[in-house]
>>> print(open('coords_28.csv').read())   # CSV, C-alpha atoms and all ligand atoms
chain,number,residue,atom,x,y,z
A,1,MET,CA,8.0,-3.4,-50.0
A,2,ALA,CA,5.5,-6.0,-51.1
A,3,ARG,CA,2.8,-3.5,-51.7
A,4,GLU,CA,4.7,-1.4,-54.2
A,5,ASP,CA,6.3,-4.3,-56.0
A,6,GLY,CA,3.1,-6.1,-56.3
A,7,ALA,CA,1.4,-3.1,-57.7
A,8,ALA,CA,4.2,-2.5,-60.2
A,9,VAL,CA,4.1,-6.1,-61.5
A,10,ASN,CA,0.4,-5.9,-62.1
A,11,ALA,CA,0.3,-2.3,-63.2
A,12,ARG,CA,1.2,-3.1,-66.8
A,13,ASP,CA,-2.1,-3.9,-68.5
A,14,ARG,CA,-4.3,-2.0,-66.1
A,15,LEU,CA,-6.0,1.1,-67.5
A,16,VAL,CA,-6.8,2.3,-64.0
A,17,SER,CA,-3.4,1.7,-62.3
A,18,PRO,CA,-2.2,4.9,-60.7
A,19,ALA,CA,1.4,4.0,-61.5
A,20,ASP,CA,3.0,5.4,-64.7
A,21,GLU,CA,3.7,2.9,-67.5
A,22,PRO,CA,7.1,2.8,-69.1
A,23,ASP,CA,5.9,4.2,-72.4
A,24,GLU,CA,3.7,6.8,-70.9
A,25,LYS,CA,6.4,9.3,-69.8
A,26,GLN,CA,6.5,11.3,-73.0
A,27,LEU,CA,2.7,11.5,-73.3
A,28,GLU,CA,2.6,12.7,-69.7
A,29,SER,CA,5.2,15.4,-70.1
A,30,ALA,CA,3.2,16.8,-73.0
A,31,LEU,CA,0.3,17.3,-70.6
A,32,ARG,CA,2.2,18.6,-67.6
A,33,PRO,CA,1.1,22.0,-66.4
A,34,ALA,CA,4.1,24.4,-66.5
A,35,ASN,CA,3.3,26.7,-63.6
A,36,LEU,CA,1.2,27.0,-60.5
A,37,ASP,CA,-1.7,28.8,-62.2
A,38,GLU,CA,-2.1,25.9,-64.6
A,39,PHE,CA,-1.9,23.3,-61.9
A,40,VAL,CA,-5.5,22.3,-61.1
A,41,GLY,CA,-6.9,21.5,-57.7
A,42,GLN,CA,-4.9,20.9,-54.5
A,43,LYS,CA,-5.9,24.4,-53.4
A,44,ARG,CA,-4.3,24.2,-50.0
A,45,VAL,CA,-0.9,23.0,-51.1
A,46,ARG,CA,-0.9,25.4,-54.1
A,47,ARG,CA,-1.6,28.4,-51.9
A,48,GLN,CA,1.0,27.4,-49.3
A,49,LEU,CA,3.6,26.6,-51.8
A,50,SER,CA,3.0,29.8,-53.7
A,51,LEU,CA,3.6,31.7,-50.4
A,52,VAL,CA,6.9,29.8,-49.8
A,53,LEU,CA,8.1,30.6,-53.3
A,54,GLU,CA,7.0,34.2,-53.2
A,55,ALA,CA,8.8,34.8,-49.8
A,56,SER,CA,12.0,33.3,-51.1
A,57,ARG,CA,11.8,35.5,-54.2
A,58,LEU,CA,11.4,38.5,-51.9
A,59,ARG,CA,14.3,37.5,-49.7
A,60,GLY,CA,16.4,36.8,-52.7
A,61,ARG,CA,17.3,33.4,-51.3
A,62,SER,CA,16.7,29.9,-52.5
A,63,ALA,CA,13.4,28.4,-51.2
A,64,ASP,CA,13.0,26.2,-48.2
A,65,HIS,CA,13.3,22.5,-48.8
A,66,VAL,CA,9.9,21.0,-49.9
A,67,LEU,CA,8.5,17.6,-49.3
A,68,LEU,CA,5.7,16.4,-51.4
A,69,SER,CA,3.8,13.3,-50.3
A,70,GLY,CA,0.8,11.4,-51.6
A,71,PRO,CA,-0.4,8.5,-53.7
A,72,PRO,CA,0.9,8.0,-57.3
A,73,GLY,CA,-0.3,10.1,-60.1
A,74,LEU,CA,-1.5,13.1,-58.2
A,75,GLY,CA,1.1,15.6,-59.3
A,76,LYS,CA,4.3,15.4,-57.2
A,77,THR,CA,6.7,15.3,-60.1
A,78,THR,CA,4.7,18.0,-61.8
A,79,LEU,CA,4.9,20.2,-58.8
A,80,ALA,CA,8.6,19.7,-58.4
A,81,MET,CA,9.1,20.9,-62.0
A,82,ILE,CA,6.8,23.8,-61.4
A,83,ILE,CA,8.8,24.9,-58.3
A,84,ALA,CA,12.0,25.1,-60.5
A,85,GLU,CA,10.1,26.9,-63.2
A,86,GLU,CA,8.6,29.4,-60.8
A,87,MET,CA,12.0,30.0,-59.2
A,88,GLY,CA,13.6,30.4,-62.6
A,89,ALA,CA,16.1,27.9,-61.4
A,90,PRO,CA,17.7,24.9,-63.1
A,91,LEU,CA,16.3,21.5,-62.1
A,92,ARG,CA,18.3,18.4,-61.3
A,93,ILE,CA,16.4,15.1,-61.1
A,94,SER,CA,17.4,11.9,-59.3
A,95,SER,CA,15.7,9.4,-57.1
A,96,GLY,CA,16.1,7.4,-53.9
A,97,PRO,CA,16.7,4.1,-55.6
A,98,ALA,CA,19.4,5.7,-57.8
A,99,ILE,CA,21.4,6.8,-54.8
A,100,GLN,CA,22.7,3.7,-53.2
A,101,HIS,CA,26.0,5.0,-51.8
A,102,ALA,CA,26.7,8.2,-50.1
A,103,GLY,CA,29.2,8.8,-52.9
A,104,ASP,CA,26.4,8.9,-55.4
A,105,LEU,CA,24.8,11.7,-53.5
A,106,ALA,CA,28.1,13.5,-52.9
A,107,ALA,CA,28.6,13.6,-56.7
A,108,ILE,CA,25.2,15.2,-57.3
A,109,LEU,CA,25.5,17.7,-54.4
A,110,SER,CA,29.0,18.9,-55.2
A,111,SER,CA,28.0,19.7,-58.8
A,112,LEU,CA,24.9,21.8,-57.9
A,113,THR,CA,24.9,25.4,-58.8
A,114,GLU,CA,23.6,28.2,-56.7
A,115,GLY,CA,19.8,28.2,-56.3
A,116,GLU,CA,19.4,25.0,-58.2
A,117,VAL,CA,16.4,22.8,-57.4
A,118,LEU,CA,17.3,19.2,-56.7
A,119,PHE,CA,14.4,16.8,-57.1
A,120,LEU,CA,14.7,13.5,-55.3
A,121,ASP,CA,11.8,11.2,-56.3
A,122,GLU,CA,11.0,8.2,-54.0
A,123,ILE,CA,13.1,9.8,-51.4
A,124,HIS,CA,12.1,7.1,-48.8
A,125,ARG,CA,14.1,4.5,-50.8
A,126,MET,CA,17.5,6.2,-50.3
A,127,SER,CA,20.2,4.3,-48.5
A,128,ARG,CA,21.0,5.1,-44.9
A,129,PRO,CA,24.5,6.5,-45.4
A,130,ALA,CA,23.2,8.8,-48.2
A,131,GLU,CA,20.4,9.9,-46.0
A,132,GLU,CA,22.8,10.9,-43.3
A,133,MET,CA,24.8,12.9,-45.7
A,134,LEU,CA,21.7,14.6,-46.9
A,135,TYR,CA,20.8,15.8,-43.3
A,136,MET,CA,23.9,17.9,-43.2
A,137,ALA,CA,23.6,19.1,-46.7
A,138,MET,CA,20.0,20.3,-46.1
A,139,GLU,CA,20.8,22.0,-42.9
A,140,ASP,CA,24.3,23.5,-43.3
A,141,PHE,CA,24.8,23.3,-47.0
A,142,ARG,CA,27.9,21.2,-46.3
A,143,VAL,CA,29.0,17.6,-46.8
A,144,ASP,CA,31.9,15.7,-45.5
A,145,ILE,CA,33.5,13.7,-48.2
A,146,VAL,CA,35.4,10.6,-46.9
A,147,VAL,CA,38.6,9.9,-48.7
A,148,GLY,CA,40.4,6.6,-48.2
A,149,LYS,CA,39.4,3.5,-46.1
A,150,GLY,CA,39.8,2.2,-42.6
A,151,ALA,CA,42.1,3.9,-40.1
A,152,GLY,CA,43.7,6.1,-42.8
A,153,ALA,CA,40.4,7.6,-43.9
A,154,THR,CA,40.0,11.3,-43.6
A,155,SER,CA,37.0,13.4,-44.2
A,156,ILE,CA,37.1,16.6,-46.2
A,157,PRO,CA,34.5,19.2,-45.6
A,158,LEU,CA,33.0,20.7,-48.7
A,159,ASP,CA,30.8,23.7,-48.8
A,160,LEU,CA,27.7,23.6,-51.1
A,161,PRO,CA,26.0,26.5,-52.7
A,162,PRO,CA,22.5,27.1,-51.3
A,163,PHE,CA,20.0,24.9,-53.1
A,164,THR,CA,16.4,23.8,-52.7
A,165,LEU,CA,15.7,20.1,-52.2
A,166,VAL,CA,12.3,18.9,-53.3
A,167,GLY,CA,11.6,15.4,-52.1
A,168,ALA,CA,8.7,13.3,-53.3
A,169,THR,CA,7.3,10.2,-51.6
A,170,THR,CA,4.3,8.0,-51.8
A,171,ARG,CA,5.1,6.7,-48.3
A,172,ALA,CA,5.7,9.7,-46.0
A,173,GLY,CA,5.4,7.4,-43.0
A,174,LEU,CA,8.6,5.6,-44.0
A,175,LEU,CA,10.7,8.7,-43.9
A,176,PRO,CA,12.9,8.9,-40.8
A,177,GLY,CA,11.9,11.8,-38.5
A,178,PRO,CA,15.2,13.7,-38.8
A,179,LEU,CA,14.8,13.8,-42.5
A,180,ARG,CA,11.2,14.9,-42.4
A,181,ASP,CA,12.0,17.6,-39.9
A,182,ARG,CA,14.5,19.2,-42.2
A,183,PHE,CA,11.9,20.1,-44.8
A,184,GLY,CA,10.6,23.6,-44.3
A,185,PHE,CA,7.4,22.8,-46.1
A,186,THR,CA,5.5,19.6,-46.5
A,187,GLY,CA,2.6,19.4,-49.0
A,188,HIS,CA,0.3,16.4,-48.8
A,189,LEU,CA,-1.5,15.8,-52.1
A,190,GLU,CA,-5.1,14.6,-51.9
A,191,PHE,CA,-7.2,12.7,-54.4
A,192,TYR,CA,-9.0,15.1,-56.8
A,193,SER,CA,-12.8,15.7,-56.9
A,194,VAL,CA,-14.7,14.9,-60.1
A,195,GLU,CA,-15.0,18.7,-60.7
A,196,GLU,CA,-11.2,19.1,-60.5
A,197,LEU,CA,-10.6,16.2,-62.8
A,198,GLU,CA,-13.0,17.8,-65.3
A,199,LEU,CA,-10.7,20.8,-65.3
A,200,VAL,CA,-7.6,18.6,-65.8
A,201,LEU,CA,-9.4,16.9,-68.7
A,202,ARG,CA,-10.6,20.1,-70.2
A,203,ARG,CA,-7.0,21.3,-70.3
A,204,SER,CA,-5.6,18.1,-71.7
A,205,ALA,CA,-8.4,17.9,-74.4
A,206,GLY,CA,-7.4,21.4,-75.4
A,207,LEU,CA,-3.8,20.4,-75.8
A,208,MET,CA,-4.8,17.2,-77.7
A,209,ASP,CA,-7.1,19.3,-79.9
A,210,LEU,CA,-10.2,17.3,-79.0
A,211,ALA,CA,-13.8,18.6,-79.2
A,212,MET,CA,-15.6,17.4,-76.2
A,213,THR,CA,-18.8,18.3,-74.3
A,214,ALA,CA,-19.1,19.1,-70.6
A,215,GLU,CA,-20.9,15.8,-70.0
A,216,GLY,CA,-18.2,14.0,-71.9
A,217,PHE,CA,-15.7,15.4,-69.4
A,218,THR,CA,-17.8,14.5,-66.4
A,219,GLU,CA,-18.2,10.9,-67.7
A,220,VAL,CA,-14.4,10.4,-68.0
A,221,ALA,CA,-13.7,12.3,-64.7
A,222,SER,CA,-16.0,10.2,-62.6
A,223,ARG,CA,-14.3,7.0,-63.8
A,224,SER,CA,-10.8,8.3,-63.0
A,225,ARG,CA,-10.4,7.4,-59.3
A,226,GLY,CA,-9.5,10.9,-58.2
A,227,THR,CA,-6.2,10.7,-60.1
A,228,PRO,CA,-5.1,13.0,-63.0
A,229,ARG,CA,-2.8,10.4,-64.4
A,230,ILE,CA,-5.7,7.9,-64.8
A,231,ALA,CA,-7.9,10.7,-66.2
A,232,ASN,CA,-5.4,11.6,-68.9
A,233,ARG,CA,-5.0,7.9,-69.7
A,234,LEU,CA,-8.7,7.3,-70.0
A,235,LEU,CA,-9.0,10.4,-72.2
A,236,ARG,CA,-6.5,9.0,-74.6
A,237,ARG,CA,-8.5,5.8,-74.9
A,238,VAL,CA,-11.7,7.7,-75.4
A,239,ARG,CA,-10.0,9.7,-78.1
A,240,ASP,CA,-8.9,6.5,-79.9
A,241,TRP,CA,-12.4,5.1,-79.7
A,242,ALA,CA,-13.9,8.3,-81.1
A,243,LEU,CA,-11.3,8.4,-83.9
A,244,VAL,CA,-12.0,4.8,-85.0
A,245,HIS,CA,-15.7,5.4,-84.9
A,246,GLY,CA,-15.5,8.6,-86.8
A,247,ILE,CA,-16.9,10.8,-84.0
A,248,ASP,CA,-15.5,14.3,-83.9
A,249,ARG,CA,-17.4,15.7,-80.9
A,250,ILE,CA,-17.1,13.6,-77.8
A,251,ASP,CA,-20.1,13.5,-75.6
A,252,ALA,CA,-21.1,11.5,-72.5
A,253,ARG,CA,-22.4,8.6,-74.7
A,254,THR,CA,-19.2,8.3,-76.6
A,255,SER,CA,-17.1,8.5,-73.4
A,256,SER,CA,-19.1,5.9,-71.6
A,257,ALA,CA,-19.3,3.6,-74.7
A,258,ALA,CA,-15.5,3.8,-75.0
A,259,LEU,CA,-14.8,3.2,-71.4
A,260,ASP,CA,-17.4,0.4,-71.1
A,261,MET,CA,-15.5,-1.3,-73.9
A,262,TYR,CA,-12.3,-1.0,-72.0
A,263,GLU,CA,-14.1,-2.4,-69.0
A,264,VAL,CA,-13.7,0.7,-66.7
A,265,ASP,CA,-17.1,1.1,-65.1
A,266,ALA,CA,-19.0,4.2,-64.0
A,267,ARG,CA,-17.2,4.3,-60.7
A,268,GLY,CA,-13.8,3.6,-62.2
A,269,LEU,CA,-13.7,-0.1,-61.2
A,270,ASP,CA,-12.1,-2.4,-63.7
A,271,ARG,CA,-12.6,-6.1,-64.3
A,272,LEU,CA,-10.5,-7.2,-61.4
A,273,ASP,CA,-12.1,-4.9,-59.0
A,274,ARG,CA,-15.5,-5.9,-60.1
A,275,SER,CA,-14.8,-9.6,-59.9
A,276,VAL,CA,-13.5,-9.3,-56.4
A,277,LEU,CA,-16.7,-7.4,-55.5
A,278,GLU,CA,-19.0,-9.8,-57.2
A,279,ALA,CA,-17.4,-12.8,-55.6
A,280,LEU,CA,-17.6,-11.2,-52.2
A,281,VAL,CA,-21.3,-10.3,-52.7
A,282,THR,CA,-22.6,-13.3,-54.7
A,283,LYS,CA,-20.4,-16.2,-53.6
A,284,PHE,CA,-19.9,-15.3,-50.0
A,285,GLY,CA,-23.0,-13.3,-49.2
A,286,GLY,CA,-21.0,-10.3,-48.4
A,287,GLY,CA,-18.5,-12.0,-46.1
A,288,PRO,CA,-16.7,-12.1,-43.9
A,289,VAL,CA,-14.4,-14.2,-46.0
A,290,GLY,CA,-10.6,-14.7,-45.7
A,291,LEU,CA,-8.4,-12.9,-48.2
A,292,SER,CA,-6.9,-16.1,-49.6
A,293,THR,CA,-10.3,-17.7,-50.1
A,294,LEU,CA,-11.5,-14.6,-51.9
A,295,ALA,CA,-8.4,-14.6,-54.1
A,296,ILE,CA,-9.0,-18.2,-55.0
A,297,ALA,CA,-12.6,-17.4,-55.9
A,298,VAL,CA,-11.5,-14.9,-58.5
A,299,GLY,CA,-8.5,-16.9,-59.7
A,300,GLU,CA,-5.8,-14.3,-58.6
A,301,GLU,CA,-2.8,-14.2,-56.4
A,302,THR,CA,-3.6,-13.1,-52.8
A,303,GLU,CA,-1.2,-10.3,-53.2
A,304,THR,CA,-2.8,-9.0,-56.4
A,305,VAL,CA,-6.2,-8.8,-54.7
A,306,GLU,CA,-4.7,-7.1,-51.6
A,307,THR,CA,-2.5,-4.6,-53.3
A,308,VAL,CA,-4.1,-4.0,-56.6
A,309,ALA,CA,-7.9,-4.3,-56.1
A,310,GLU,CA,-8.5,-3.7,-52.4
A,311,PRO,CA,-7.1,-0.2,-51.8
A,312,TYR,CA,-9.5,1.5,-54.1
A,313,LEU,CA,-12.5,-0.7,-53.0
A,314,VAL,CA,-11.8,0.2,-49.4
A,315,ARG,CA,-11.3,3.9,-50.3
A,316,GLU,CA,-14.7,3.9,-52.1
A,317,GLY,CA,-16.4,2.3,-49.1
A,318,LEU,CA,-17.3,-0.8,-51.1
A,319,LEU,CA,-15.2,-3.3,-49.1
A,320,GLY,CA,-14.2,-3.5,-45.5
A,321,ARG,CA,-11.3,-5.3,-43.8
A,322,THR,CA,-12.2,-6.8,-40.5
A,323,PRO,CA,-10.5,-9.1,-38.0
A,324,ARG,CA,-12.7,-11.9,-39.4
A,325,GLY,CA,-12.1,-11.3,-43.0
A,326,ARG,CA,-13.3,-9.1,-45.9
A,327,ILE,CA,-16.8,-7.9,-45.9
A,328,ALA,CA,-18.9,-6.1,-48.6
A,329,MET,CA,-20.3,-2.7,-47.6
A,330,ALA,CA,-23.9,-1.6,-48.5
A,331,ALA,CA,-22.5,0.4,-51.4
A,332,ALA,CA,-21.2,-2.8,-53.0
A,333,TRP,CA,-24.7,-4.2,-53.6
A,334,ASP,CA,-25.9,-0.9,-54.8
A,335,HIS,CA,-23.0,-0.7,-57.3
A,336,LEU,CA,-23.8,-4.1,-58.6
A,337,GLY,CA,-27.4,-3.3,-58.9
A,338,LEU,CA,-28.5,-5.8,-56.2
A,339,ALA,CA,-30.6,-5.4,-53.1
A,340,VAL,CA,-28.8,-5.4,-49.8
A,341,PRO,CA,-29.7,-8.6,-48.0
A,342,GLU,CA,-31.2,-8.4,-44.5
A,343,HIS,CA,-28.4,-10.0,-42.5
A,344,ALA,CA,-25.2,-8.8,-44.3
A,345,ALA,CA,-22.0,-8.9,-42.3
A,346,PHE,CA,-21.6,-5.1,-42.4
A,347,GLN,CA,-24.7,-4.8,-40.3
A,348,ASP,CA,-23.3,-7.1,-37.5
A,349,PRO,CA,-22.7,-4.8,-34.5
A,350,GLY,CA,-19.8,-6.8,-33.3
A,351,LEU,CA,-18.0,-6.6,-36.6
A,352,ARG,CA,-18.9,-3.0,-37.0
A,353,ALA,CA,-17.3,-2.1,-33.6
A,354,ALA,CA,-14.1,-3.8,-34.5
A,355,PHE,CA,-14.3,-2.5,-38.0
A,356,GLY,CA,-14.8,1.1,-36.9
A,357,ALA,CA,-11.1,1.9,-36.6
A,358,ALA,CA,-10.4,0.4,-40.0
A,359,ALA,CA,-13.3,1.9,-41.8
A,360,SER,CA,-11.6,5.1,-42.7
A,361,PRO,CA,-10.8,5.3,-46.4
A,362,ALA,CA,-7.4,4.2,-47.3
A,363,ALA,CA,-6.4,7.6,-48.5
A,364,ASP,CA,-3.5,7.6,-46.2
A,365,GLU,CA,-1.2,5.3,-48.0
A,366,ASP,CA,1.1,5.1,-45.1
A,367,ALA,CA,-1.4,3.6,-42.7
A,368,PRO,CA,-0.7,-0.1,-42.3
A,369,PRO,CA,-3.7,-2.4,-42.9
A,370,LEU,CA,-5.4,-2.5,-39.6
A,371,PHE,CA,-6.7,-6.0,-39.8
A,372,GLU,CA,-5.5,-9.0,-41.5
A,373,ASP,CA,-7.1,-12.4,-41.6
B,1,LIG,N1,-3.0,19.3,-60.7
B,1,LIG,C1,-2.8,18.8,-61.9
B,1,LIG,N2,-3.3,19.5,-63.0
B,1,LIG,C2,-3.1,19.0,-64.2
B,1,LIG,N3,-2.5,17.8,-64.5
B,1,LIG,C3,-2.0,17.1,-63.5
B,1,LIG,C4,-2.1,17.6,-62.2
B,1,LIG,N4,-1.5,16.7,-61.4
B,1,LIG,C5,-1.0,15.7,-62.2
B,1,LIG,N5,-1.3,16.0,-63.5
B,1,LIG,C6,-1.0,15.1,-64.6
B,1,LIG,O1,-0.9,13.8,-64.2
B,1,LIG,C7,0.2,13.1,-64.6
B,1,LIG,C8,0.9,12.5,-63.5
B,1,LIG,O2,1.4,13.5,-62.6
B,1,LIG,P1,2.8,13.3,-61.8
B,1,LIG,O3,3.8,12.6,-62.7
B,1,LIG,O4,3.2,14.6,-61.4
B,1,LIG,O5,2.4,12.4,-60.6
B,1,LIG,P2,3.3,11.9,-59.4
B,1,LIG,O6,2.6,12.3,-58.2
B,1,LIG,O7,4.7,12.3,-59.6
B,1,LIG,O8,3.2,10.3,-59.5
B,1,LIG,P3,4.3,9.2,-59.1
B,1,LIG,O9,4.1,9.0,-57.6
B,1,LIG,O10,3.9,7.9,-59.8
B,1,LIG,O11,5.6,9.7,-59.4
B,1,LIG,C9,1.1,14.2,-65.3
B,1,LIG,O12,1.2,13.9,-66.6
B,1,LIG,C10,0.3,15.5,-65.2
B,1,LIG,O13,0.1,16.0,-66.5
B,2,MG,MG,6.4,11.3,-59.9
>>> encode(input="coords_28.csv", output="C-alpha cells", more="lines below")
Ligand SMILES: Nc1ncnc2c1ncn2[C@@H]1O[C@H](COP(=O)(O)OP(=O)(O)OP(=O)(O)O)[C@@H](O)[C@H]1O
Ligand SMILES: [Mg+2]
Amino acid sequence: MAREDGAAVNARDRLVSPADEPDEKQLESALRPANLDEFVGQKRVRRQLSLVLEASRLRGRSADHVLLSGPPGLGKTTLAMIIAEEMGAPLRISSGPAIQHAGDLAAILSSLTEGEVLFLDEIHRMSRPAEEMLYMAMEDFRVDIVVGKGAGATSIPLDLPPFTLVGATTRAGLLPGPLRDRFGFTGHLEFYSVEELELVLRRSAGLMDLAMTAEGFTEVASRSRGTPRIANRLLRRVRDWALVHGIDRIDARTSSAALDMYEVDARGLDRLDRSVLEALVTKFGGGPVGLSTLAIAVGEETETVETVAEPYLVREGLLGRTPRGRIAMAAAWDHLGLAVPEHAAFQDPGLRAAFGAAASPAADEDAPPLFED
C-alpha cells in the first residue's frame, strides 16, 4: 500500500505525523487511559461499547467480537486494552503482518484461554489463508488444523474456548465482507474536537506533573490535528521548551512560542504542509496545478506531497483535488494571511461541479482519491 508505506517512511522526523514513532511506545503507554471512564471523547463508540461489555457481563459470556476502525492515533489500541481491562480478561496481542501463515494463527488460537481477548492490530494485512481460518474461529470457536501435505493431508478439528476478538484497522474498506460481517460490533473512531483534545491534554499534563493554564491547553489542542497521539507529542515538546526556559506554569504564550519554534502553526500545519500551500497559492495562483509540478516546486517527492501533506490539507478544506489538478480553497489564502484573488480556480463553476464529489473531507481513510491528475 503506497499510501501507508510512504507515510511511514516520512513519519520519522515529523512532529505532526499521526503514526507512532519507534521510541514513542513507552511514553504512550504511560499516558493510556485504563478504563472507559478515563477514555476521552468518541461518545458514541464509548456508549455502544460499554453496552456490549455490560451485556456480556450480565450474560456471563465473553463479549461479541469488536472491530475498531479509524485513522492512526485516535485510540484503537487503547480501546482494545480497555476492553480486556473492563472484562477482567487477559489480553493477547498480535497483528495482521505477524500472521503470514494459517499456522501462525492456529498457534495463537489454540493457546487461548477461556474469555481471553485477542487483539489483532492491522487486521486488514493478514494473509488470505489465515483470514479463512479466522472466519471459522470467530463463528464456531473451532479451527481445522491441517496435518501433512498433498494427498495424505488430513485436517483435525480443534475446539477453541470462547474468546473475544478485537480487530483494529486504519483501512476498514480493505477488509473482506465475510470478515467484517463476523464482528458483532464495529466502532468507527472519529477525529477529536479541540475541546476533547483539551481534556486529553489535561489528563496527560496531570500524569506528567505539569502546571498549565486552560489557554495553554487550548493552544496545544488546536494544533493537534484532531489526534490524541499528536496532542501528547506536542505536549512533550512544550514541556521541554518550558523546562529549558525555566517556565513552571505553561500558558498560551509559552505553548505557542514552543510550537512556533517547532514549526507547527496555529492550525497544526508543519513546514511541509505550509510550503505546499504557499507554492500552490503564490507560485500557481491557487491552481489548478498538477501534483507532480507542485511537488517539484516544493522540492519533494510526488508521493510525499500526496500521502504526507495532502490528506490533512484536504481534510481542513485548504486544498482541493480536481480532475484538472490541485487547487487552493478560500481558507488557504486566509490561513496564509493573504487576500483571496478575484478569479481563483476554486470559484470556477465548472471545476466546482466536478470537485463537488471530491470536496468532502478526507476523514474516511478508505475512500480512494476521487480525482488524480
Ligand atoms: N480517547 C483518548 N483519551 C485519552 N488518550 C487517548 C485517547 N485516544 C488515544 N489516546 C492517546 O493517544 C495515543 C495513541 O493512541 P492509540 O495507540 O490507541 O492509537 P491507535 O488508534 O491504536 O493508532 P494506530 O492506528 O497507529 O495503531 C495513546 O498513547 C493514548 O494515550
Ligand atoms: Mg494502535
>>> closest_atom_pairs(input="coords_28.csv", of="region 45-117 of chain A", to="region 174-191 of chain A", cutoff="8 Å", atoms="all atoms listed in the file", output="Markdown table")
| residue | atom | partner | partner_atom | distance |
| --- | --- | --- | --- | --- |
| A:Val45 | CA | A:Gly187 | CA | 5.4 |
| A:Leu49 | CA | A:Gly187 | CA | 7.8 |
| A:Val52 | CA | A:Phe185 | CA | 7.9 |
| A:Asp64 | CA | A:Gly184 | CA | 5.3 |
| A:His65 | CA | A:Phe183 | CA | 4.9 |
| A:Val66 | CA | A:Phe185 | CA | 4.9 |
| A:Leu67 | CA | A:Thr186 | CA | 4.6 |
| A:Leu68 | CA | A:Gly187 | CA | 4.9 |
| A:Ser69 | CA | A:His188 | CA | 4.9 |
| A:Gly70 | CA | A:Leu189 | CA | 5.0 |
| A:Pro71 | CA | A:Leu189 | CA | 7.6 |
| A:Leu74 | CA | A:Leu189 | CA | 6.7 |
| A:Gly75 | CA | A:Leu189 | CA | 7.7 |
| A:Lys76 | CA | A:Leu189 | CA | 7.7 |
>>> closest_residue(input="coords_28.csv", among="A:Leu351, A:Ala80, A:Met126, A:Leu338", to="ligand MG 2 (chain B)", atoms="all atoms listed in the file")
A:Ala80
>>> atom_distance(input="coords_28.csv", atom1="CA of His124 (chain A)", atom2="CA of Ser95 (chain A)")
9.3 Å
>>> residues_near_ligand(input="coords_28.csv", ligand="ligand MG 2 (chain B)", cutoff="8 Å", atoms="all atoms listed in the file", output="ChimeraX atom specification")
/A:72-73,75-78,121,168
>>> closest_residue(input="coords_28.csv", among="A:Gly268, A:Asp251, A:Val238, A:Asp159", to="Val194 (chain A)", atoms="all atoms listed in the file")
A:Gly268
>>> atom_distance(input="coords_28.csv", atom1="CA of Phe119 (chain A)", atom2="CA of Thr164 (chain A)")
8.5 Å
>>> residues_around(input="coords_28.csv", residues="Phe141 (chain A)", least_positions_apart="4", cutoff="9 Å", atoms="all atoms listed in the file", output="ChimeraX atom specification")
/A:136-137,158-163
>>> atom_distance(input="coords_28.csv", atom1="CA of Glu301 (chain A)", atom2="CA of Asp273 (chain A)")
13.4 Å
>>> residues_around(input="coords_28.csv", residues="region 145-155 of chain A", least_positions_apart="6", cutoff="9 Å", atoms="all atoms listed in the file", output="PyMOL selection string")
chain A and resi 102-103+106
>>> residues_near_point(input="coords_28.csv", point="(-16.2, -3.9, -44.7)", cutoff="8 Å", atoms="all atoms listed in the file", output="compact mmCIF listing (two decimals) with C-alpha atoms, keeping the file's coordinate frame")
# COMPACT_ATOMS: atom_id res chain seq x y z
CA VAL A 314 -11.80 0.20 -49.40
CA GLY A 317 -16.40 2.30 -49.10
CA LEU A 318 -17.30 -0.80 -51.10
CA LEU A 319 -15.20 -3.30 -49.10
CA GLY A 320 -14.20 -3.50 -45.50
CA ARG A 321 -11.30 -5.30 -43.80
CA THR A 322 -12.20 -6.80 -40.50
CA ARG A 326 -13.30 -9.10 -45.90
CA ILE A 327 -16.80 -7.90 -45.90
CA ALA A 328 -18.90 -6.10 -48.60
CA MET A 329 -20.30 -2.70 -47.60
CA PHE A 346 -21.60 -5.10 -42.40
CA PHE A 355 -14.30 -2.50 -38.00
CA ALA A 359 -13.30 1.90 -41.80
>>> residues_around(input="coords_28.csv", residues="region 263-267 of chain A", least_positions_apart="6", cutoff="9 Å", atoms="only C-alpha atoms", output="PDB file with C-alpha atoms, in the frame of the given file")
ATOM      1  CA  LEU A  15      -6.000   1.100 -67.500  1.00  0.00           C
ATOM      2  CA  VAL A  16      -6.800   2.300 -64.000  1.00  0.00           C
ATOM      3  CA  GLU A 219     -18.200  10.900 -67.700  1.00  0.00           C
ATOM      4  CA  VAL A 220     -14.400  10.400 -68.000  1.00  0.00           C
ATOM      5  CA  SER A 222     -16.000  10.200 -62.600  1.00  0.00           C
ATOM      6  CA  ARG A 223     -14.300   7.000 -63.800  1.00  0.00           C
ATOM      7  CA  SER A 224     -10.800   8.300 -63.000  1.00  0.00           C
ATOM      8  CA  ARG A 225     -10.400   7.400 -59.300  1.00  0.00           C
ATOM      9  CA  LEU A 234      -8.700   7.300 -70.000  1.00  0.00           C
ATOM     10  CA  SER A 256     -19.100   5.900 -71.600  1.00  0.00           C
ATOM     11  CA  ARG A 274     -15.500  -5.900 -60.100  1.00  0.00           C
ATOM     12  CA  GLU A 316     -14.700   3.900 -52.100  1.00  0.00           C
ATOM     13  CA  HIS A 335     -23.000  -0.700 -57.300  1.00  0.00           C
TER      14      HIS A 335
END
>>> residues_around(input="coords_28.csv", residues="region 292-297 of chain A", least_positions_apart="2", cutoff="10 Å", atoms="all atoms listed in the file", output="PyMOL selection string")
chain A and resi 275-277+279-280+283-284+287-290+299-306+325-326+373
>>> residues_around(input="coords_28.csv", residues="Ser94 (chain A)", least_positions_apart="2", cutoff="10 Å", atoms="all atoms listed in the file", output="mmCIF file with C-alpha atoms, keeping the file's coordinate frame")
data_model
loop_
_atom_site.group_PDB
_atom_site.id
_atom_site.type_symbol
_atom_site.label_atom_id
_atom_site.label_comp_id
_atom_site.auth_asym_id
_atom_site.auth_seq_id
_atom_site.Cartn_x
_atom_site.Cartn_y
_atom_site.Cartn_z
ATOM 1 C CA ARG A 92 18.300 18.400 -61.300
ATOM 2 C CA GLY A 96 16.100 7.400 -53.900
ATOM 3 C CA PRO A 97 16.700 4.100 -55.600
ATOM 4 C CA ALA A 98 19.400 5.700 -57.800
ATOM 5 C CA ILE A 99 21.400 6.800 -54.800
ATOM 6 C CA LEU A 105 24.800 11.700 -53.500
ATOM 7 C CA ILE A 108 25.200 15.200 -57.300
ATOM 8 C CA LEU A 118 17.300 19.200 -56.700
ATOM 9 C CA PHE A 119 14.400 16.800 -57.100
ATOM 10 C CA LEU A 120 14.700 13.500 -55.300
ATOM 11 C CA ASP A 121 11.800 11.200 -56.300
ATOM 12 C CA GLU A 122 11.000 8.200 -54.000
ATOM 13 C CA ILE A 123 13.100 9.800 -51.400
ATOM 14 C CA GLY A 167 11.600 15.400 -52.100
#
